[in-house]
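Asks: So here's model39.txt (compact mmCIF, C-alpha atoms).
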```
# COMPACT_ATOMS: atom_id res chain seq x y z
CA MET A 1 44.32 39.23 -33.63
CA LYS A 2 47.42 37.48 -34.85
CA ARG A 3 49.88 36.96 -32.07
CA PRO A 4 53.57 37.20 -32.99
CA ILE A 5 55.50 33.95 -32.79
CA ARG A 6 57.33 33.60 -29.49
CA VAL A 7 60.56 31.64 -29.61
CA VAL A 8 62.87 30.67 -26.77
CA VAL A 9 66.43 30.34 -28.02
CA ALA A 10 68.43 28.31 -25.53
CA LYS A 11 71.99 27.24 -24.95
CA ALA A 12 71.67 23.97 -23.06
CA GLY A 13 74.52 22.06 -21.53
CA LEU A 14 78.05 23.04 -20.78
CA ASP A 15 79.45 24.63 -23.87
CA GLY A 16 79.78 28.37 -23.69
CA HIS A 17 79.88 29.25 -27.36
CA ASP A 18 76.75 31.18 -28.15
CA ARG A 19 77.60 33.29 -31.16
CA GLY A 20 75.49 31.07 -33.42
CA ALA A 21 72.54 31.09 -31.04
CA LYS A 22 72.68 34.88 -30.86
CA VAL A 23 72.81 35.21 -34.64
CA VAL A 24 69.78 32.95 -34.98
CA ALA A 25 67.97 34.85 -32.21
CA ARG A 26 68.57 38.11 -34.03
CA ALA A 27 67.42 36.68 -37.36
CA LEU A 28 64.18 35.48 -35.80
CA ARG A 29 63.69 38.83 -34.12
CA ASP A 30 64.37 40.69 -37.37
CA ALA A 31 61.73 38.48 -38.97
CA GLY A 32 59.18 39.87 -36.51
CA MET A 33 59.20 37.16 -33.88
CA GLU A 34 59.45 37.70 -30.16
CA VAL A 35 62.63 36.04 -29.03
CA ILE A 36 63.78 35.18 -25.54
CA TYR A 37 67.41 34.15 -25.25
CA THR A 38 68.28 32.14 -22.16
CA GLY A 39 72.04 32.65 -21.99
CA VAL A 40 74.54 29.82 -21.72
CA HIS A 41 74.78 26.74 -19.49
CA GLN A 42 71.09 26.09 -19.12
CA THR A 43 69.82 22.80 -17.78
CA PRO A 44 66.92 21.07 -19.56
CA GLU A 45 64.78 22.00 -16.56
CA GLN A 46 65.64 25.68 -16.93
CA VAL A 47 64.96 25.66 -20.67
CA VAL A 48 61.52 24.12 -20.23
CA GLU A 49 60.68 26.42 -17.33
CA THR A 50 61.56 29.44 -19.45
CA ALA A 51 59.47 28.15 -22.36
CA ALA A 52 56.50 27.57 -20.04
CA GLN A 53 56.81 30.95 -18.36
CA GLU A 54 57.12 32.73 -21.68
CA ASP A 55 54.26 30.80 -23.29
CA ALA A 56 56.58 30.01 -26.19
CA ASP A 57 55.42 28.64 -29.52
CA ALA A 58 58.85 27.20 -30.21
CA VAL A 59 62.06 26.28 -28.45
CA GLY A 60 65.29 26.37 -30.40
CA VAL A 61 68.25 24.77 -28.70
CA SER A 62 71.87 25.26 -29.68
CA LEU A 63 74.25 22.47 -28.70
CA LEU A 64 77.93 22.22 -29.46
CA SER A 65 79.10 20.06 -26.57
CA GLY A 66 78.18 16.72 -28.10
CA ALA A 67 75.64 16.04 -25.37
CA HIS A 68 72.68 16.41 -27.74
CA ASN A 69 71.56 12.78 -27.45
CA PHE A 70 70.99 13.32 -23.73
CA ILE A 71 69.82 16.92 -23.57
CA PHE A 72 67.25 17.02 -26.39
CA PRO A 73 65.32 13.93 -25.27
CA ARG A 74 65.34 15.26 -21.70
CA ILE A 75 63.92 18.60 -22.83
CA ARG A 76 61.18 16.88 -24.81
CA GLU A 77 60.41 14.59 -21.87
CA LEU A 78 60.03 17.58 -19.54
CA MET A 79 57.89 19.40 -22.11
CA THR A 80 55.61 16.40 -22.34
CA GLU A 81 55.35 16.21 -18.55
CA ARG A 82 54.17 19.82 -18.54
CA GLY A 83 51.66 19.35 -21.34
CA MET A 84 53.75 21.27 -23.85
CA ASP A 85 53.46 18.79 -26.70
CA ASP A 86 52.16 21.55 -28.93
CA VAL A 87 55.40 23.52 -28.58
CA LEU A 88 57.82 23.14 -31.46
CA LEU A 89 61.27 21.86 -30.48
CA PHE A 90 64.08 22.34 -32.95
CA GLY A 91 67.82 22.57 -32.66
CA GLY A 92 71.12 23.27 -34.20
CA GLY A 93 74.84 23.05 -33.68
CA ILE A 94 77.54 20.46 -34.13
CA ILE A 95 75.27 17.46 -34.50
CA PRO A 96 76.41 14.54 -36.63
CA GLU A 97 74.10 13.37 -39.39
CA ASP A 98 74.03 9.91 -37.78
CA ASP A 99 72.32 11.37 -34.71
CA VAL A 100 69.61 13.31 -36.50
CA ALA A 101 67.22 10.36 -36.89
CA PHE A 102 67.60 9.54 -33.19
CA LEU A 103 66.76 13.11 -32.26
CA ARG A 104 63.78 13.24 -34.58
CA GLY A 105 62.54 10.08 -32.90
CA HIS A 106 62.76 11.93 -29.59
CA GLY A 107 60.63 14.88 -30.53
CA VAL A 108 63.19 17.20 -32.11
CA GLU A 109 61.34 18.18 -35.23
CA ARG A 110 64.21 19.72 -37.14
CA VAL A 111 67.97 19.84 -36.70
CA PHE A 112 69.91 22.61 -38.41
CA GLN A 113 73.50 21.62 -39.01
CA PRO A 114 76.43 23.83 -39.95
CA GLY A 115 75.78 25.53 -43.26
CA SER A 116 72.07 26.09 -42.67
CA SER A 117 70.98 29.54 -43.76
CA LEU A 118 69.18 32.01 -41.53
CA GLU A 119 66.44 32.29 -44.13
CA GLU A 120 65.92 28.53 -43.96
CA ILE A 121 65.57 28.67 -40.17
CA VAL A 122 63.18 31.63 -40.19
CA THR A 123 61.03 30.10 -42.92
CA TYR A 124 60.91 26.79 -41.10
CA VAL A 125 59.92 28.26 -37.73
CA ARG A 126 57.22 30.44 -39.27
CA GLY A 127 55.77 27.51 -41.23
CA ALA A 128 55.95 24.99 -38.41
CA VAL A 129 54.28 27.30 -35.91
CA ALA A 130 51.56 28.22 -38.42
CA GLU A 131 50.92 24.53 -38.96
CA ARG A 132 50.52 23.99 -35.22
CA ARG A 133 48.20 26.95 -34.79
CA GLY A 134 46.24 25.97 -37.87
CA THR A 135 46.21 29.59 -38.94
CA PRO A 136 48.61 32.02 -40.57
CA VAL A 137 50.90 33.71 -38.10
CA ALA A 138 52.13 37.25 -37.77
CA PRO A 139 54.16 38.80 -39.28
CA MET B 1 93.30 51.10 -19.85
CA ALA B 2 92.85 47.35 -19.89
CA LYS B 3 89.37 46.12 -19.30
CA VAL B 4 88.97 44.36 -15.96
CA GLU B 5 87.33 40.99 -16.41
CA ASP B 6 84.80 40.66 -13.66
CA ARG B 7 82.38 38.13 -15.10
CA PRO B 8 82.11 34.85 -13.19
CA VAL B 9 84.07 31.91 -14.55
CA ASP B 10 81.04 29.69 -14.04
CA ALA B 11 77.84 31.71 -14.01
CA GLY B 12 75.73 28.67 -13.15
CA LEU B 13 77.72 27.93 -10.04
CA THR B 14 77.68 31.59 -9.09
CA SER B 15 73.89 31.50 -9.18
CA VAL B 16 73.71 28.92 -6.36
CA LYS B 17 76.01 30.74 -3.95
CA GLY B 18 74.17 31.38 -0.71
CA LYS B 19 71.30 29.01 -1.55
CA SER B 20 70.27 26.20 0.79
CA ASP B 21 72.20 22.94 0.90
CA ALA B 22 69.26 21.11 -0.68
CA GLU B 23 69.12 23.56 -3.58
CA VAL B 24 72.86 23.35 -4.08
CA LEU B 25 72.73 19.55 -4.04
CA GLU B 26 69.98 19.50 -6.64
CA TRP B 27 71.94 21.94 -8.79
CA TRP B 28 75.04 19.74 -8.64
CA LYS B 29 73.02 16.70 -9.63
CA GLN B 30 71.80 18.52 -12.73
CA ARG B 31 75.29 19.78 -13.45
CA PHE B 32 76.74 16.27 -13.23
CA ALA B 33 74.04 14.94 -15.55
CA LEU B 34 75.10 17.53 -18.13
CA LEU B 35 78.78 16.78 -17.59
CA ALA B 36 78.34 13.03 -17.91
CA ALA B 37 76.38 13.53 -21.12
CA ILE B 38 79.39 15.08 -22.88
CA PRO B 39 80.68 12.27 -25.06
CA THR B 40 84.45 12.76 -24.97
CA ASP B 41 86.80 12.78 -21.99
CA VAL B 42 88.67 15.86 -23.18
CA ALA B 43 85.53 17.92 -23.67
CA ARG B 44 84.23 16.76 -20.31
CA ALA B 45 87.50 17.80 -18.69
CA GLY B 46 87.12 21.20 -20.29
CA ALA B 47 83.70 21.52 -18.71
CA LEU B 48 84.96 20.44 -15.27
CA LEU B 49 87.62 23.13 -14.98
CA PRO B 50 85.44 26.27 -14.84
CA GLN B 51 83.52 25.01 -11.84
CA MET B 52 86.75 24.24 -10.01
CA ARG B 53 88.05 27.71 -10.86
CA GLU B 54 84.85 29.31 -9.62
CA LEU B 55 84.97 27.30 -6.39
CA SER B 56 88.59 28.29 -5.85
CA GLN B 57 87.60 31.97 -5.83
CA LEU B 58 85.00 31.60 -3.09
CA PRO B 59 85.56 32.32 0.59
CA GLU B 60 86.71 29.13 2.32
CA PRO B 61 83.48 28.30 4.21
CA GLU B 62 81.32 28.66 1.09
CA ARG B 63 83.82 26.77 -1.01
CA ARG B 64 83.75 23.93 1.47
CA ARG B 65 79.95 23.92 1.66
CA LEU B 66 79.50 23.86 -2.12
CA THR B 67 82.20 21.22 -2.48
CA ARG B 68 80.54 19.06 0.17
CA GLU B 69 77.24 19.17 -1.71
CA ARG B 70 79.13 18.41 -4.91
CA MET B 71 80.56 15.29 -3.29
CA LYS B 72 77.09 14.19 -2.18
CA ALA B 73 75.74 14.74 -5.69
CA PHE B 74 78.62 12.80 -7.19
CA MET B 75 77.99 9.87 -4.87
CA SER B 76 74.37 9.78 -6.00
CA LEU B 77 75.29 9.19 -9.65
CA GLY B 78 75.21 5.86 -11.45
CA SER B 79 78.41 3.89 -11.97
CA GLU B 80 78.71 4.77 -15.65
CA GLN B 81 78.43 8.47 -14.82
CA HIS B 82 81.09 8.03 -12.10
CA GLN B 83 83.49 6.54 -14.60
CA ARG B 84 82.87 9.28 -17.14
CA ILE B 85 83.43 12.05 -14.63
CA LEU B 86 86.50 10.41 -13.11
CA ALA B 87 88.07 9.79 -16.51
CA ALA B 88 87.68 13.47 -17.32
CA ARG B 89 88.89 14.61 -13.94
CA LYS B 90 92.17 12.74 -14.44
CA LEU B 91 92.77 14.84 -17.54
CA THR B 92 92.22 18.12 -15.72
CA TYR B 93 95.57 17.73 -13.90
CA ALA B 94 97.33 18.32 -17.20
CA ALA B 95 95.43 21.57 -17.70
CA ASP B 96 95.81 23.12 -14.26
CA GLU B 97 97.51 20.88 -11.74
CA ALA B 98 97.64 23.41 -8.92
CA LEU B 99 93.93 24.11 -9.18
CA VAL B 100 92.93 20.44 -9.21
CA LYS B 101 95.27 19.62 -6.33
CA SER B 102 93.74 22.39 -4.28
CA ASP B 103 90.30 21.00 -5.10
CA ASP B 104 91.52 17.54 -4.08
CA ALA B 105 92.77 18.92 -0.77
CA ILE B 106 89.38 20.41 0.06
CA ALA B 107 87.58 17.22 -0.95
CA ASP B 108 89.97 15.05 1.06
CA SER B 109 89.51 17.24 4.08
CA LEU B 110 85.72 17.09 3.73
CA ALA B 111 85.78 13.34 3.19
CA ARG B 112 87.33 12.93 6.64
CA GLU B 113 84.12 14.42 8.06
CA MET B 114 81.86 12.33 5.82
CA PRO B 115 81.90 8.59 6.58
CA GLU B 116 79.79 7.90 3.49
CA ALA B 117 82.41 9.60 1.34
CA GLN B 118 85.20 7.51 2.85
CA GLU B 119 83.26 4.33 2.18
CA PHE B 120 82.46 5.49 -1.33
CA GLY B 121 86.09 6.34 -2.03
CA LYS B 122 87.20 2.89 -0.94
CA ARG B 123 84.64 1.27 -3.23
CA LEU B 124 85.87 3.25 -6.20
CA GLY B 125 89.51 2.76 -5.27
CA LEU B 126 90.11 6.47 -4.84
```
Could you render the structure as structure tokens?
Replies:
Amino acid sequence: MKRPIRVVVAKAGLDGHDRGAKVVARALRDAGMEVIYTGVHQTPEQVVETAAQEDADAVGVSLLSGAHNFIFPRIRELMTERGMDDVLLFGGGIIPEDDVAFLRGHGVERVFQPGSSLEEIVTYVRGAVAERRGTPVAP
Amino acid sequence: MAKVEDRPVDAGLTSVKGKSDAEVLEWWKQRFALLAAIPTDVARAGALLPQMRELSQLPEPERRRLTRERMKAFMSLGSEQHQRILAARKLTYAADEALVKSDDAIADSLAREMPEAQEFGKRLGL
């Protein structure tokens, strides 16, 4: 049986602006995925704990505070410690182009910057999770 | 009728109210790591204010207890993190001087009971 994609959408760090994260969460849900939204002000430890508890296929992190170069690598480090290397980590927010390569080098597989479309995000998550599972995914 | 705003100013801090000192200390350490990671002083100052506002709304004994653990967590940071937090804290006076001065008063009062805090303050020139 094909299991629906489970995505944790997280607001990590200390910015409280989560409209974008909620819009993305809804788009993923409308595309048939199971979405767990963490709420704002999550620590990397909380994000990874949620992803582990929820058996997530993917973790999408929204960051607008500028702390992305600290928070993303820390999340990936904690995921690795817990044997979650198979879980997709992607992100979005106000992230300068100059930082994208650094983040990719620290296990953030895709960074969606302002202007990214919801369709682009949904298509990417579906494809990336299917690639990891090695099989087509529902829906 | 106007809606009454009853949400916490800092939901994260609200979540540790009533928890053990060790849990509160660990929470503050994580909070400071997030604060120090914010790249600009102004944005960091903006992130410091909600926690001070939340603390200011607590009953005095709990405010003092959470502030004491905050001071311990701050002392445990590296020197670069100290500088980043202190630089931001200076800016918070311009945003809400009365609030920050009341926070200072609590911290000063607690420091008198914490020899390690007095020593630490001297080292940093506080």
Asks: Could you list, as a list in words, every residue of chain A that has an atom within 12 Å of an atom of chain B, counting all atoms listed in the file?
Replies: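 That gives Ala12, Gly13, Leu14, Asp15, Gly16, Gly39, Val40, His41, Gln42, Thr43, Pro44, Glu45, Gln46, Leu63, Leu64, Ser65, Gly66, Ala67, His68, Asn69, Phe70, Ile71, Phe72, Pro73 and Arg74 of chain A for chain A.
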Asks: Pick out the residues sitting within 10 Å of Val35 (chain A), and hand them over as a count of residues only; count all atoms listed in the file, and ignore anything fewer than 3 positions along from it in its own chain.
Replies: 19
Asks: Using Å and a single decimal, report how far CA of Asp85 (chain A) sits from CA of Gly134 (chain A).
Replies: 15.1 Å
Asks: Quick one, how far is CA of Asp103 (chain B) from CA of Asp18 (chain A)?
Replies: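 That distance, rounded to one decimal, is 28.6 Å.
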Asks: What is the CA of Val111 (chain A)-CA of Ser62 (chain A) distance in Å, reported with one decimal?
Replies: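 A separation of 9.7 Å between them.
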Asks: Restricting the calculation to all atoms listed in the file, which member of B:Val24, B:Leu91, B:Val9, B:Ala107 is positioned closest to Leu58 (chain B)?
Replies: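 Of B:Val24, B:Leu91, B:Val9, B:Ala107, the one nearest Leu58 (chain B), counting all atoms listed in the file, is B:Val9.
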Asks: Just want the 10 Å neighbourhood of Thr67 (chain B), counted on all atoms listed in the file, with same-chain residues fewer than 6 positions away dropped. Output as an MDAnalysis selection string.
Replies: chainID B and resid 24:25 28 52 55 61 73 103 106:107 110
Asks: For region 126-132 of chain A, please output as a list of chain:residue names all residues within 9 Å (counting all atoms listed in the file; exclusion window: fewer than 3 positions along the same chain).
Replies: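 Once the adjacent positions are removed, what remains is A:Ile5, A:Met33, A:Asp57, A:Ala58, A:Asp86, A:Val87, A:Leu88, A:Ile121, A:Val122, A:Thr123, A:Thr135, A:Pro136, A:Val137, A:Ala138, A:Pro139.
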Asks: Report the centre and edge lengths, in Å to one decimal, of an axis-aligned box enclosing every atom of region 118-127 of chain A listed in the file, padded by 8 Å on each side, as lines of an AutoDock Vina configuration file.
Replies:
```
center_x = 62.5
center_y = 29.5
center_z = -40.9
size_x = 29.4
size_y = 21.5
size_z = 22.4
```
Asks: For Asp108 (chain B), list every protein, DNA or RNA residue within 12 Å, evaluated using all atoms listed in the file, and leave out those in the same chain fewer than 3 positions away; present the list as a list of chain:residue names.
Replies: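 The residues that qualify are B:Arg64, B:Thr67, B:Arg68, B:Met71, B:Val100, B:Lys101, B:Ser102, B:Asp103, B:Asp104, B:Ala105, B:Ala111, B:Arg112, B:Glu113, B:Met114, B:Pro115, B:Ala117, B:Gln118, B:Gly121, B:Leu126.
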